[in-house]
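A short write-up of the structure that comes next.
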Amino acid sequence: MRLNKFLSGLAAVLLAFSLCNAASAAPLTKIRTAWMDSYETFAMWYAKEKGWDKEAGLDIDILFFDSGMAILNALPAGEWQYSCLGGVPAMMGNLRYGTSVIGVGTDESACVAVLARPDNPVFKTKGLNPKHPGVFGSPEDVRGKTILCTTVSSAHFALTAWLDAVGVKPTEVTIKNMDQPQALAAFENGIGDFVALWAPHMYAGTDKGWKVAGSAALCGKGTPLVLVADTKYADAHPEITAKFLSVYLRGVEHLRTTSVDDLIPEYQRFFFDWAGKTYSKELARLDLESHPAWDIKGQLALFDTSKGMSTVQQWQADTAQFFASIGSITPDELKKVENASYVTDKFLKLVK
(Lines give C-alpha, C1' and ligand atoms only; values in the text may rest on other atoms or scores of the structure.)
Protein backbone atom coordinates (compact mmCIF):
# COMPACT_ATOMS: atom_id res chain seq x y z
CA MET A 1 0.00 0.00 0.00
CA ARG A 2 2.79 2.37 0.98
CA LEU A 3 4.68 1.37 -2.15
CA ASN A 4 1.67 2.22 -4.30
CA LYS A 5 1.32 5.62 -2.64
CA PHE A 6 5.03 6.27 -3.11
CA LEU A 7 4.89 5.32 -6.77
CA SER A 8 1.77 7.46 -7.30
CA GLY A 9 3.45 10.42 -5.65
CA LEU A 10 6.63 9.91 -7.66
CA ALA A 11 4.61 9.78 -10.87
CA ALA A 12 2.87 13.03 -9.97
CA VAL A 13 6.20 14.73 -9.27
CA LEU A 14 7.68 13.49 -12.54
CA LEU A 15 4.62 14.65 -14.45
CA ALA A 16 4.80 18.10 -12.91
CA PHE A 17 8.51 18.27 -13.67
CA SER A 18 7.96 17.26 -17.27
CA LEU A 19 5.20 19.85 -17.67
CA CYS A 20 7.48 22.56 -16.26
CA ASN A 21 10.22 21.53 -18.67
CA ALA A 22 7.76 21.57 -21.55
CA ALA A 23 6.60 25.05 -20.57
CA SER A 24 10.13 26.37 -20.20
CA ALA A 25 11.03 24.84 -23.55
CA ALA A 26 8.10 26.51 -25.32
CA PRO A 27 9.41 28.33 -28.40
CA LEU A 28 9.93 32.07 -28.02
CA THR A 29 8.23 34.47 -30.40
CA LYS A 30 10.93 36.43 -32.20
CA ILE A 31 10.20 40.07 -32.91
CA ARG A 32 12.38 42.74 -34.48
CA THR A 33 12.41 46.23 -33.03
CA ALA A 34 14.08 49.40 -34.32
CA TRP A 35 15.71 52.09 -32.18
CA MET A 36 18.14 55.01 -32.16
CA ASP A 37 21.08 55.68 -29.86
CA SER A 38 19.17 57.73 -27.33
CA TYR A 39 17.54 57.67 -23.91
CA GLU A 40 14.31 55.84 -24.77
CA THR A 41 16.22 52.80 -26.03
CA PHE A 42 17.93 52.19 -22.69
CA ALA A 43 14.80 50.74 -21.09
CA MET A 44 14.45 48.09 -23.80
CA TRP A 45 18.17 47.33 -23.84
CA TYR A 46 18.20 46.86 -20.08
CA ALA A 47 15.12 44.63 -20.20
CA LYS A 48 16.82 42.50 -22.85
CA GLU A 49 20.00 42.32 -20.77
CA LYS A 50 17.98 40.99 -17.84
CA GLY A 51 16.20 38.42 -19.99
CA TRP A 52 12.80 39.92 -19.30
CA ASP A 53 11.77 39.45 -22.92
CA LYS A 54 12.26 35.69 -22.60
CA GLU A 55 10.25 35.66 -19.37
CA ALA A 56 7.41 37.14 -21.43
CA GLY A 57 7.83 34.48 -24.13
CA LEU A 58 9.58 36.80 -26.58
CA ASP A 59 12.99 37.02 -28.20
CA ILE A 60 13.41 40.71 -28.97
CA ASP A 61 15.99 41.91 -31.49
CA ILE A 62 17.05 45.52 -30.86
CA LEU A 63 18.19 46.97 -34.19
CA PHE A 64 20.25 50.16 -34.46
CA PHE A 65 19.31 53.01 -36.83
CA ASP A 66 20.70 56.53 -37.20
CA SER A 67 17.35 58.32 -37.46
CA GLY A 68 13.61 57.92 -37.32
CA MET A 69 13.24 58.23 -41.08
CA ALA A 70 15.85 55.51 -41.58
CA ILE A 71 13.72 53.30 -39.32
CA LEU A 72 10.60 54.22 -41.25
CA ASN A 73 12.18 53.50 -44.61
CA ALA A 74 13.06 49.98 -43.42
CA LEU A 75 9.44 49.05 -42.69
CA PRO A 76 8.35 48.05 -46.24
CA ALA A 77 11.10 45.42 -46.26
CA GLY A 78 9.69 43.95 -43.04
CA GLU A 79 12.74 44.90 -41.00
CA TRP A 80 10.75 45.52 -37.82
CA GLN A 81 7.38 45.10 -36.11
CA TYR A 82 7.84 47.73 -33.39
CA SER A 83 10.00 50.83 -33.09
CA CYS A 84 10.48 54.11 -31.27
CA LEU A 85 10.30 57.23 -33.43
CA GLY A 86 10.09 60.96 -33.03
CA GLY A 87 6.65 62.49 -33.45
CA VAL A 88 7.52 63.70 -36.96
CA PRO A 89 8.50 60.34 -38.53
CA ALA A 90 5.67 58.74 -36.54
CA MET A 91 3.24 61.03 -38.34
CA MET A 92 4.92 60.30 -41.69
CA GLY A 93 4.75 56.59 -40.90
CA ASN A 94 0.99 56.74 -40.66
CA LEU A 95 0.75 58.74 -43.88
CA ARG A 96 2.97 56.35 -45.83
CA TYR A 97 2.39 52.97 -44.24
CA GLY A 98 -0.55 53.24 -41.84
CA THR A 99 1.54 52.69 -38.70
CA SER A 100 0.09 53.18 -35.22
CA VAL A 101 1.38 54.96 -32.12
CA ILE A 102 0.97 52.55 -29.18
CA GLY A 103 3.05 54.08 -26.38
CA VAL A 104 5.40 56.88 -25.36
CA GLY A 105 9.16 56.63 -24.94
CA THR A 106 9.98 60.11 -23.64
CA ASP A 107 9.65 63.84 -24.35
CA GLU A 108 12.72 65.57 -25.77
CA SER A 109 11.46 69.13 -26.02
CA ALA A 110 14.05 70.41 -23.54
CA CYS A 111 16.96 68.68 -25.25
CA VAL A 112 16.42 68.98 -28.99
CA ALA A 113 17.81 72.32 -30.07
CA VAL A 114 19.49 74.58 -32.60
CA LEU A 115 23.07 75.35 -31.59
CA ALA A 116 25.65 77.84 -32.81
CA ARG A 117 29.26 78.62 -32.06
CA PRO A 118 29.58 81.19 -29.25
CA ASP A 119 30.87 83.94 -31.54
CA ASN A 120 27.78 83.74 -33.78
CA PRO A 121 26.04 87.17 -34.04
CA VAL A 122 22.72 85.44 -33.38
CA PHE A 123 23.39 85.69 -29.63
CA LYS A 124 23.27 89.50 -29.74
CA THR A 125 19.47 89.36 -29.96
CA LYS A 126 17.30 87.58 -27.41
CA GLY A 127 13.52 87.58 -27.08
CA LEU A 128 12.77 89.44 -30.29
CA ASN A 129 9.55 87.44 -30.39
CA PRO A 130 7.71 88.22 -27.11
CA LYS A 131 5.99 84.83 -27.26
CA HIS A 132 9.38 83.15 -26.95
CA PRO A 133 11.53 85.33 -24.67
CA GLY A 134 14.28 82.72 -24.27
CA VAL A 135 14.97 82.36 -27.99
CA PHE A 136 18.01 83.99 -29.61
CA GLY A 137 18.09 85.40 -33.12
CA SER A 138 16.78 87.95 -35.59
CA PRO A 139 15.91 87.62 -39.27
CA GLU A 140 19.08 89.47 -40.24
CA ASP A 141 21.27 87.03 -38.32
CA VAL A 142 19.62 83.90 -39.73
CA ARG A 143 18.56 84.50 -43.34
CA GLY A 144 20.93 82.99 -45.90
CA LYS A 145 22.70 80.82 -43.36
CA THR A 146 23.53 77.10 -43.63
CA ILE A 147 22.03 74.76 -41.06
CA LEU A 148 22.99 71.12 -40.53
CA CYS A 149 20.00 68.97 -39.62
CA THR A 150 18.52 65.48 -39.83
CA THR A 151 15.42 66.25 -41.89
CA VAL A 152 11.92 64.93 -41.13
CA SER A 153 12.88 64.44 -37.49
CA SER A 154 12.41 66.02 -34.08
CA ALA A 155 15.51 68.11 -34.80
CA HIS A 156 13.90 69.35 -38.02
CA PHE A 157 10.72 70.14 -36.08
CA ALA A 158 12.68 72.12 -33.48
CA LEU A 159 14.64 73.91 -36.21
CA THR A 160 11.49 74.91 -38.07
CA ALA A 161 9.90 76.12 -34.83
CA TRP A 162 13.00 78.21 -34.11
CA LEU A 163 12.98 79.72 -37.60
CA ASP A 164 9.32 80.58 -37.15
CA ALA A 165 10.04 82.17 -33.76
CA VAL A 166 12.71 84.46 -35.24
CA GLY A 167 10.65 85.33 -38.31
CA VAL A 168 12.50 83.34 -40.98
CA LYS A 169 11.01 80.94 -43.53
CA PRO A 170 12.67 77.57 -44.17
CA THR A 171 13.13 78.60 -47.80
CA GLU A 172 15.30 81.52 -46.65
CA VAL A 173 18.04 79.25 -45.28
CA THR A 174 20.01 76.29 -46.61
CA ILE A 175 19.28 73.08 -44.72
CA LYS A 176 21.85 70.32 -45.25
CA ASN A 177 20.48 66.88 -44.41
CA MET A 178 22.86 64.80 -42.27
CA ASP A 179 22.40 62.14 -39.65
CA GLN A 180 23.22 63.26 -36.13
CA PRO A 181 26.81 61.98 -35.79
CA GLN A 182 27.67 63.44 -39.21
CA ALA A 183 26.13 66.80 -38.33
CA LEU A 184 28.00 66.90 -35.03
CA ALA A 185 31.34 66.11 -36.70
CA ALA A 186 30.78 68.45 -39.63
CA PHE A 187 29.87 71.37 -37.40
CA GLU A 188 32.94 70.72 -35.27
CA ASN A 189 35.01 70.94 -38.46
CA GLY A 190 33.64 74.38 -39.26
CA ILE A 191 30.88 73.42 -41.68
CA GLY A 192 27.58 75.30 -41.34
CA ASP A 193 26.41 78.27 -39.30
CA PHE A 194 23.97 76.34 -37.11
CA VAL A 195 23.30 72.71 -36.24
CA ALA A 196 20.08 71.09 -35.01
CA LEU A 197 20.70 68.20 -32.61
CA TRP A 198 18.79 65.94 -30.26
CA ALA A 199 20.15 64.34 -27.09
CA PRO A 200 22.71 63.04 -26.41
CA HIS A 201 24.32 64.71 -29.45
CA MET A 202 23.01 68.07 -28.28
CA TYR A 203 24.86 67.64 -24.98
CA ALA A 204 28.01 66.72 -26.86
CA GLY A 205 27.64 70.02 -28.71
CA THR A 206 27.20 72.13 -25.58
CA ASP A 207 30.16 70.27 -24.07
CA LYS A 208 32.22 71.65 -26.98
CA GLY A 209 31.19 75.17 -26.03
CA TRP A 210 28.38 75.64 -28.55
CA LYS A 211 25.38 77.59 -27.30
CA VAL A 212 21.65 76.98 -27.66
CA ALA A 213 19.92 79.50 -29.91
CA GLY A 214 16.55 77.86 -29.38
CA SER A 215 15.05 74.54 -28.32
CA ALA A 216 11.68 72.94 -28.96
CA ALA A 217 10.67 73.78 -25.39
CA LEU A 218 11.78 77.42 -25.70
CA CYS A 219 9.69 77.63 -28.88
CA GLY A 220 6.66 76.14 -27.12
CA LYS A 221 6.71 72.77 -28.89
CA GLY A 222 6.55 69.23 -27.57
CA THR A 223 8.78 66.63 -29.21
CA PRO A 224 7.81 63.16 -28.00
CA LEU A 225 9.49 59.89 -28.84
CA VAL A 226 6.66 57.43 -29.38
CA LEU A 227 6.41 53.65 -29.62
CA VAL A 228 5.20 52.73 -33.09
CA ALA A 229 3.81 49.47 -34.42
CA ASP A 230 3.37 47.96 -37.83
CA THR A 231 -0.43 48.10 -37.57
CA LYS A 232 -1.10 44.94 -39.56
CA TYR A 233 1.22 42.91 -37.35
CA ALA A 234 -0.02 44.46 -34.10
CA ASP A 235 -3.68 43.94 -34.95
CA ALA A 236 -3.00 40.35 -35.96
CA HIS A 237 -1.02 39.70 -32.76
CA PRO A 238 -2.48 41.85 -29.97
CA GLU A 239 -1.15 39.56 -27.23
CA ILE A 240 2.41 39.83 -28.58
CA THR A 241 2.06 43.61 -28.82
CA ALA A 242 0.94 43.76 -25.18
CA LYS A 243 3.91 41.59 -24.17
CA PHE A 244 6.30 43.88 -26.06
CA LEU A 245 4.88 46.86 -24.17
CA SER A 246 5.10 45.02 -20.86
CA VAL A 247 8.78 44.25 -21.40
CA TYR A 248 9.51 47.86 -22.30
CA LEU A 249 7.57 49.15 -19.31
CA ARG A 250 9.47 46.81 -17.02
CA GLY A 251 12.64 48.53 -18.21
CA VAL A 252 10.99 51.90 -17.61
CA GLU A 253 10.18 50.85 -14.06
CA HIS A 254 13.88 50.21 -13.51
CA LEU A 255 14.62 53.72 -14.79
CA ARG A 256 12.02 55.25 -12.50
CA THR A 257 12.98 53.41 -9.32
CA THR A 258 16.79 53.36 -9.54
CA SER A 259 18.92 56.32 -8.47
CA VAL A 260 20.71 58.23 -11.20
CA ASP A 261 24.07 57.42 -9.58
CA ASP A 262 23.32 53.71 -9.89
CA LEU A 263 22.01 54.08 -13.44
CA ILE A 264 25.05 55.93 -14.81
CA PRO A 265 27.41 52.90 -15.16
CA GLU A 266 24.63 50.89 -16.86
CA TYR A 267 23.80 53.84 -19.11
CA GLN A 268 27.44 54.24 -20.14
CA ARG A 269 27.67 50.50 -20.88
CA PHE A 270 24.49 50.68 -22.97
CA PHE A 271 25.96 53.38 -25.19
CA PHE A 272 29.32 51.62 -25.48
CA ASP A 273 28.08 48.06 -25.99
CA TRP A 274 25.04 48.77 -28.15
CA ALA A 275 25.83 52.06 -29.92
CA GLY A 276 29.63 51.93 -29.88
CA LYS A 277 29.93 55.33 -28.24
CA THR A 278 31.69 56.56 -25.14
CA TYR A 279 29.97 59.09 -22.89
CA SER A 280 31.26 60.70 -19.73
CA LYS A 281 29.54 60.31 -16.37
CA GLU A 282 28.52 63.96 -16.58
CA LEU A 283 26.90 63.51 -20.00
CA ALA A 284 25.12 60.35 -18.86
CA ARG A 285 23.81 62.13 -15.76
CA LEU A 286 22.54 65.08 -17.80
CA ASP A 287 20.75 62.81 -20.25
CA LEU A 288 19.13 60.71 -17.52
CA GLU A 289 17.99 63.76 -15.57
CA SER A 290 16.59 65.57 -18.61
CA HIS A 291 14.13 62.93 -19.82
CA PRO A 292 10.79 61.86 -18.35
CA ALA A 293 9.55 58.27 -18.49
CA TRP A 294 6.04 56.98 -17.76
CA ASP A 295 4.84 53.76 -16.17
CA ILE A 296 1.63 52.04 -17.28
CA LYS A 297 -0.53 54.40 -15.22
CA GLY A 298 1.20 57.44 -16.69
CA GLN A 299 1.00 56.01 -20.20
CA LEU A 300 -2.74 55.43 -19.94
CA ALA A 301 -3.20 58.98 -18.66
CA LEU A 302 -1.32 60.35 -21.69
CA PHE A 303 -3.61 58.32 -23.98
CA ASP A 304 -6.85 59.17 -22.14
CA THR A 305 -9.56 60.46 -24.51
CA SER A 306 -12.36 60.83 -21.95
CA LYS A 307 -12.25 64.63 -22.27
CA GLY A 308 -11.47 64.89 -25.96
CA MET A 309 -8.15 64.36 -27.72
CA SER A 310 -5.54 62.64 -25.60
CA THR A 311 -2.24 64.34 -24.80
CA VAL A 312 -0.43 62.10 -27.28
CA GLN A 313 -3.02 62.75 -29.98
CA GLN A 314 -2.64 66.48 -29.37
CA TRP A 315 1.15 66.22 -29.69
CA GLN A 316 0.79 64.42 -33.01
CA ALA A 317 -1.96 66.74 -34.25
CA ASP A 318 0.18 69.79 -33.42
CA THR A 319 3.05 68.27 -35.38
CA ALA A 320 0.80 67.72 -38.39
CA GLN A 321 -0.66 71.23 -38.25
CA PHE A 322 2.78 72.78 -37.98
CA PHE A 323 4.25 70.92 -40.94
CA ALA A 324 1.14 71.66 -42.99
CA SER A 325 1.49 75.35 -42.17
CA ILE A 326 4.98 75.44 -43.67
CA GLY A 327 4.05 73.32 -46.69
CA SER A 328 5.90 70.14 -45.71
CA ILE A 329 2.71 68.09 -46.00
CA THR A 330 -0.21 68.79 -48.32
CA PRO A 331 -3.75 69.76 -47.23
CA ASP A 332 -4.95 66.29 -48.28
CA GLU A 333 -2.23 64.66 -46.16
CA LEU A 334 -3.18 66.87 -43.23
CA LYS A 335 -6.77 65.63 -43.42
CA LYS A 336 -5.51 62.08 -42.94
CA VAL A 337 -3.56 62.80 -39.75
CA GLU A 338 -4.98 65.98 -38.24
CA ASN A 339 -7.05 64.14 -35.63
CA ALA A 340 -4.22 61.67 -34.87
CA SER A 341 -6.65 58.74 -34.83
CA TYR A 342 -3.67 56.43 -35.40
CA VAL A 343 -2.75 56.99 -31.73
CA THR A 344 -4.30 54.12 -29.75
CA ASP A 345 -4.24 52.80 -26.20
CA LYS A 346 -5.92 49.48 -27.03
CA PHE A 347 -2.68 47.54 -26.61
CA LEU A 348 -1.65 49.35 -23.42
CA LYS A 349 -4.97 48.26 -21.94
CA LEU A 350 -3.99 44.64 -22.57
CA VAL A 351 -0.74 44.91 -20.58
CA LYS A 352 -0.76 42.63 -17.55
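Lettering and numbering for the C-alpha coordinates are positional, with chains as A, B, ... in the shown order, residues counted from 1 in each chain, and ligands counted from 1 in the shown order.
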### Task
Extract the full set of strand (DSSP E) residues from region 212-301 of chain A according to DSSP on the backbone, and format it as a list in words.
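Matching residues for strand (DSSP E) in region 212-301 of chain A are Val212, Ala213, Gly214, Ser215, Pro224, Leu225, Val226, Leu227, Val228 and Ala229 of chain A.
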I need the residues from that last selection saved to file as a tab-separated table (two decimals), in the first residue's frame (with N, CA, C and O atoms), if you can.
chain	number	residue	atom	x	y	z
A	212	VAL	N	23.00	77.23	-27.16
A	212	VAL	CA	21.65	76.98	-27.66
A	212	VAL	C	21.00	78.28	-28.11
A	212	VAL	O	20.82	79.21	-27.32
A	213	ALA	N	20.65	78.35	-29.39
A	213	ALA	CA	19.92	79.50	-29.91
A	213	ALA	C	18.43	79.35	-29.65
A	213	ALA	O	17.71	80.34	-29.46
A	214	GLY	N	17.97	78.13	-29.65
A	214	GLY	CA	16.55	77.86	-29.38
A	214	GLY	C	16.32	76.37	-29.30
A	214	GLY	O	16.98	75.60	-29.99
A	215	SER	N	15.42	75.96	-28.44
A	215	SER	CA	15.05	74.54	-28.32
A	215	SER	C	13.56	74.40	-28.61
A	215	SER	O	12.82	75.40	-28.66
A	224	PRO	N	7.79	64.50	-28.62
A	224	PRO	CA	7.81	63.16	-28.00
A	224	PRO	C	8.55	62.14	-28.84
A	224	PRO	O	8.67	62.29	-30.07
A	225	LEU	N	9.05	61.11	-28.18
A	225	LEU	CA	9.49	59.89	-28.84
A	225	LEU	C	8.41	58.87	-28.54
A	225	LEU	O	8.10	58.62	-27.37
A	226	VAL	N	7.82	58.30	-29.57
A	226	VAL	CA	6.66	57.43	-29.38
A	226	VAL	C	6.95	56.01	-29.86
A	226	VAL	O	7.72	55.80	-30.79
A	227	LEU	N	6.31	55.05	-29.21
A	227	LEU	CA	6.41	53.65	-29.62
A	227	LEU	C	5.45	53.42	-30.77
A	227	LEU	O	4.26	53.76	-30.67
A	228	VAL	N	5.96	52.88	-31.84
A	228	VAL	CA	5.20	52.73	-33.09
A	228	VAL	C	5.14	51.26	-33.48
A	228	VAL	O	6.12	50.52	-33.32
A	229	ALA	N	3.99	50.85	-33.98
A	229	ALA	CA	3.81	49.47	-34.42
A	229	ALA	C	3.43	49.40	-35.89
A	229	ALA	O	2.75	50.28	-36.41
### Query
What lies within 10 Å of Val104 (chain A) using only C-alpha atoms, ignoring chain neighbours under 2 positions off, as a PyMOL selection string?
chain A and resi 40+84-87+101-102+106-107+224-228+293-295+298-300+302-303+312
### Task
Could you jot down the CA of Gly220 (chain A) to CA of Asp207 (chain A) separation for me, Å, one decimal place?
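Between these atoms lies a distance of 24.4 Å.
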Per residue of region 233-334 of chain A within 9 Å of region 150-171 of chain A, what are the shortest atom pair and its distance in Å to one decimal, counting only C-alpha atoms, with rows by chain and residue number, as a Markdown table?
| residue | atom | partner | partner_atom | distance |
| --- | --- | --- | --- | --- |
| A:Thr319 | CA | A:Phe157 | CA | 7.9 |
| A:Phe322 | CA | A:Ala161 | CA | 8.5 |
| A:Phe323 | CA | A:Phe157 | CA | 8.1 |
| A:Ile326 | CA | A:Pro170 | CA | 8.0 |
### Task
Provide the CA of Val122 (chain A) to CA of Ser138 (chain A) distance in Å, to one decimal place.
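One can read the CA of Val122 (chain A) to CA of Ser138 (chain A) distance as 6.8 Å.
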### Task
List every residue of region 88-266 of chain A that DSSP, applied to the backbone, labels as alpha helix (DSSP H), and write the result as a PyMOL selection string.
chain A and resi 88-97+139-142+154-165+180-188+201-207+231-236+238-257+260-266
Quick one: everything within 9 Å of Leu218 (chain A), counting only C-alpha atoms, minus sequence neighbours fewer than 3 positions away in the same chain. Send it as a PDB file with all heavy atoms, in the first residue's frame.
ATOM      1  N   SER A 109      11.581  67.710 -25.674  1.00  0.00           N
ATOM      2  CA  SER A 109      11.456  69.126 -26.022  1.00  0.00           C
ATOM      3  C   SER A 109      12.530  70.006 -25.386  1.00  0.00           C
ATOM      4  O   SER A 109      12.919  71.021 -25.955  1.00  0.00           O
ATOM      5  CB  SER A 109      10.061  69.645 -25.634  1.00  0.00           C
ATOM      6  OG  SER A 109       9.814  69.462 -24.254  1.00  0.00           O
ATOM      7  N   ALA A 110      13.024  69.610 -24.212  1.00  0.00           N
ATOM      8  CA  ALA A 110      14.047  70.412 -23.543  1.00  0.00           C
ATOM      9  C   ALA A 110      15.446  70.135 -24.075  1.00  0.00           C
ATOM     10  O   ALA A 110      16.380  70.891 -23.785  1.00  0.00           O
ATOM     11  CB  ALA A 110      14.008  70.165 -22.042  1.00  0.00           C
ATOM     12  N   HIS A 132       8.296  84.086 -27.237  1.00  0.00           N
ATOM     13  CA  HIS A 132       9.384  83.149 -26.954  1.00  0.00           C
ATOM     14  C   HIS A 132      10.588  83.933 -26.430  1.00  0.00           C
ATOM     15  O   HIS A 132      11.605  84.084 -27.125  1.00  0.00           O
ATOM     16  CB  HIS A 132       9.746  82.362 -28.208  1.00  0.00           C
ATOM     17  CG  HIS A 132       8.574  81.715 -28.874  1.00  0.00           C
ATOM     18  ND1 HIS A 132       7.833  80.716 -28.283  1.00  0.00           N
ATOM     19  CD2 HIS A 132       7.985  81.955 -30.077  1.00  0.00           C
ATOM     20  CE1 HIS A 132       6.852  80.345 -29.081  1.00  0.00           C
ATOM     21  NE2 HIS A 132       6.915  81.084 -30.175  1.00  0.00           N
ATOM     22  N   PRO A 133      10.497  84.437 -25.204  1.00  0.00           N
ATOM     23  CA  PRO A 133      11.533  85.331 -24.672  1.00  0.00           C
ATOM     24  C   PRO A 133      12.912  84.695 -24.504  1.00  0.00           C
ATOM     25  O   PRO A 133      13.909  85.414 -24.419  1.00  0.00           O
ATOM     26  CB  PRO A 133      10.954  85.753 -23.312  1.00  0.00           C
ATOM     27  CG  PRO A 133       9.987  84.669 -22.947  1.00  0.00           C
ATOM     28  CD  PRO A 133       9.400  84.213 -24.241  1.00  0.00           C
ATOM     29  N   GLY A 134      12.980  83.361 -24.458  1.00  0.00           N
ATOM     30  CA  GLY A 134      14.277  82.718 -24.266  1.00  0.00           C
ATOM     31  C   GLY A 134      15.003  82.372 -25.544  1.00  0.00           C
ATOM     32  O   GLY A 134      16.115  81.836 -25.513  1.00  0.00           O
ATOM     33  N   VAL A 135      14.403  82.723 -26.689  1.00  0.00           N
ATOM     34  CA  VAL A 135      14.970  82.363 -27.990  1.00  0.00           C
ATOM     35  C   VAL A 135      15.907  83.462 -28.493  1.00  0.00           C
ATOM     36  O   VAL A 135      15.589  84.649 -28.420  1.00  0.00           O
ATOM     37  CB  VAL A 135      13.843  82.116 -29.018  1.00  0.00           C
ATOM     38  CG1 VAL A 135      14.410  81.982 -30.424  1.00  0.00           C
ATOM     39  CG2 VAL A 135      13.070  80.859 -28.640  1.00  0.00           C
ATOM     40  N   TRP A 162      12.084  77.110 -34.408  1.00  0.00           N
ATOM     41  CA  TRP A 162      12.999  78.208 -34.110  1.00  0.00           C
ATOM     42  C   TRP A 162      12.990  79.243 -35.234  1.00  0.00           C
ATOM     43  O   TRP A 162      12.932  80.459 -34.966  1.00  0.00           O
ATOM     44  CB  TRP A 162      14.414  77.665 -33.895  1.00  0.00           C
ATOM     45  CG  TRP A 162      15.459  78.738 -33.724  1.00  0.00           C
ATOM     46  CD1 TRP A 162      15.596  79.593 -32.661  1.00  0.00           C
ATOM     47  CD2 TRP A 162      16.502  79.070 -34.649  1.00  0.00           C
ATOM     48  NE1 TRP A 162      16.668  80.440 -32.870  1.00  0.00           N
ATOM     49  CE2 TRP A 162      17.241  80.136 -34.075  1.00  0.00           C
ATOM     50  CE3 TRP A 162      16.887  78.562 -35.876  1.00  0.00           C
ATOM     51  CZ2 TRP A 162      18.349  80.695 -34.717  1.00  0.00           C
ATOM     52  CZ3 TRP A 162      17.992  79.117 -36.510  1.00  0.00           C
ATOM     53  CH2 TRP A 162      18.707  80.178 -35.932  1.00  0.00           C
ATOM     54  N   GLY A 214      17.966  78.129 -29.654  1.00  0.00           N
ATOM     55  CA  GLY A 214      16.551  77.861 -29.382  1.00  0.00           C
ATOM     56  C   GLY A 214      16.317  76.370 -29.297  1.00  0.00           C
ATOM     57  O   GLY A 214      16.978  75.598 -29.989  1.00  0.00           O
ATOM     58  N   SER A 215      15.416  75.955 -28.441  1.00  0.00           N
ATOM     59  CA  SER A 215      15.047  74.538 -28.321  1.00  0.00           C
ATOM     60  C   SER A 215      13.561  74.403 -28.608  1.00  0.00           C
ATOM     61  O   SER A 215      12.824  75.398 -28.662  1.00  0.00           O
ATOM     62  CB  SER A 215      15.346  74.019 -26.918  1.00  0.00           C
ATOM     63  OG  SER A 215      14.494  74.636 -25.962  1.00  0.00           O
ATOM     64  N   LYS A 221       7.089  73.991 -28.182  1.00  0.00           N
ATOM     65  CA  LYS A 221       6.707  72.774 -28.891  1.00  0.00           C
ATOM     66  C   LYS A 221       7.097  71.526 -28.096  1.00  0.00           C
ATOM     67  O   LYS A 221       8.151  71.485 -27.462  1.00  0.00           O
ATOM     68  CB  LYS A 221       7.389  72.711 -30.269  1.00  0.00           C
ATOM     69  CG  LYS A 221       7.089  73.904 -31.168  1.00  0.00           C
ATOM     70  CD  LYS A 221       5.614  73.977 -31.537  1.00  0.00           C
ATOM     71  CE  LYS A 221       5.334  75.171 -32.437  1.00  0.00           C
ATOM     72  NZ  LYS A 221       3.879  75.298 -32.753  1.00  0.00           N
TER      73      LYS A 221
END
### Message
So that I can check the surroundings of Arg117 (chain A), please list as a count of residues only every protein, DNA and RNA residue that reaches within 8 Å of it, counting only C-alpha atoms and ignoring chain neighbours fewer than 6 positions away.
### Response
5
#### Entry: Best match for closeness to Leu115 (chain A) among A:Ala196, A:Val247, A:Cys149, A:Met69, counting only C-alpha atoms
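Selected residue with least distance to Leu115 (chain A): A:Ala196.
The shortest atom-to-atom distance to Thr33 (chain A), with only C-alpha atoms taken into account, belongs to A:Leu245 out of A:Leu348, A:Ala186, A:Val260, A:Leu245.
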### Query
Which residues come within 8 Å of Lys30 (chain A), counting only C-alpha atoms, excluding same-chain residues fewer than 4 positions away, as a list in words?
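Here the answer would be Leu58, Asp59, Ile60 and Asp61 of chain A.
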### Message
Ranking A:Pro89, A:Gly222, A:Pro130, A:Pro181 by minimum distance to Val195 (chain A) and counting only C-alpha atoms, which one comes first?
### Response
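When distances to Val195 (chain A) are compared using only C-alpha atoms, the smallest one comes from A:Pro181.
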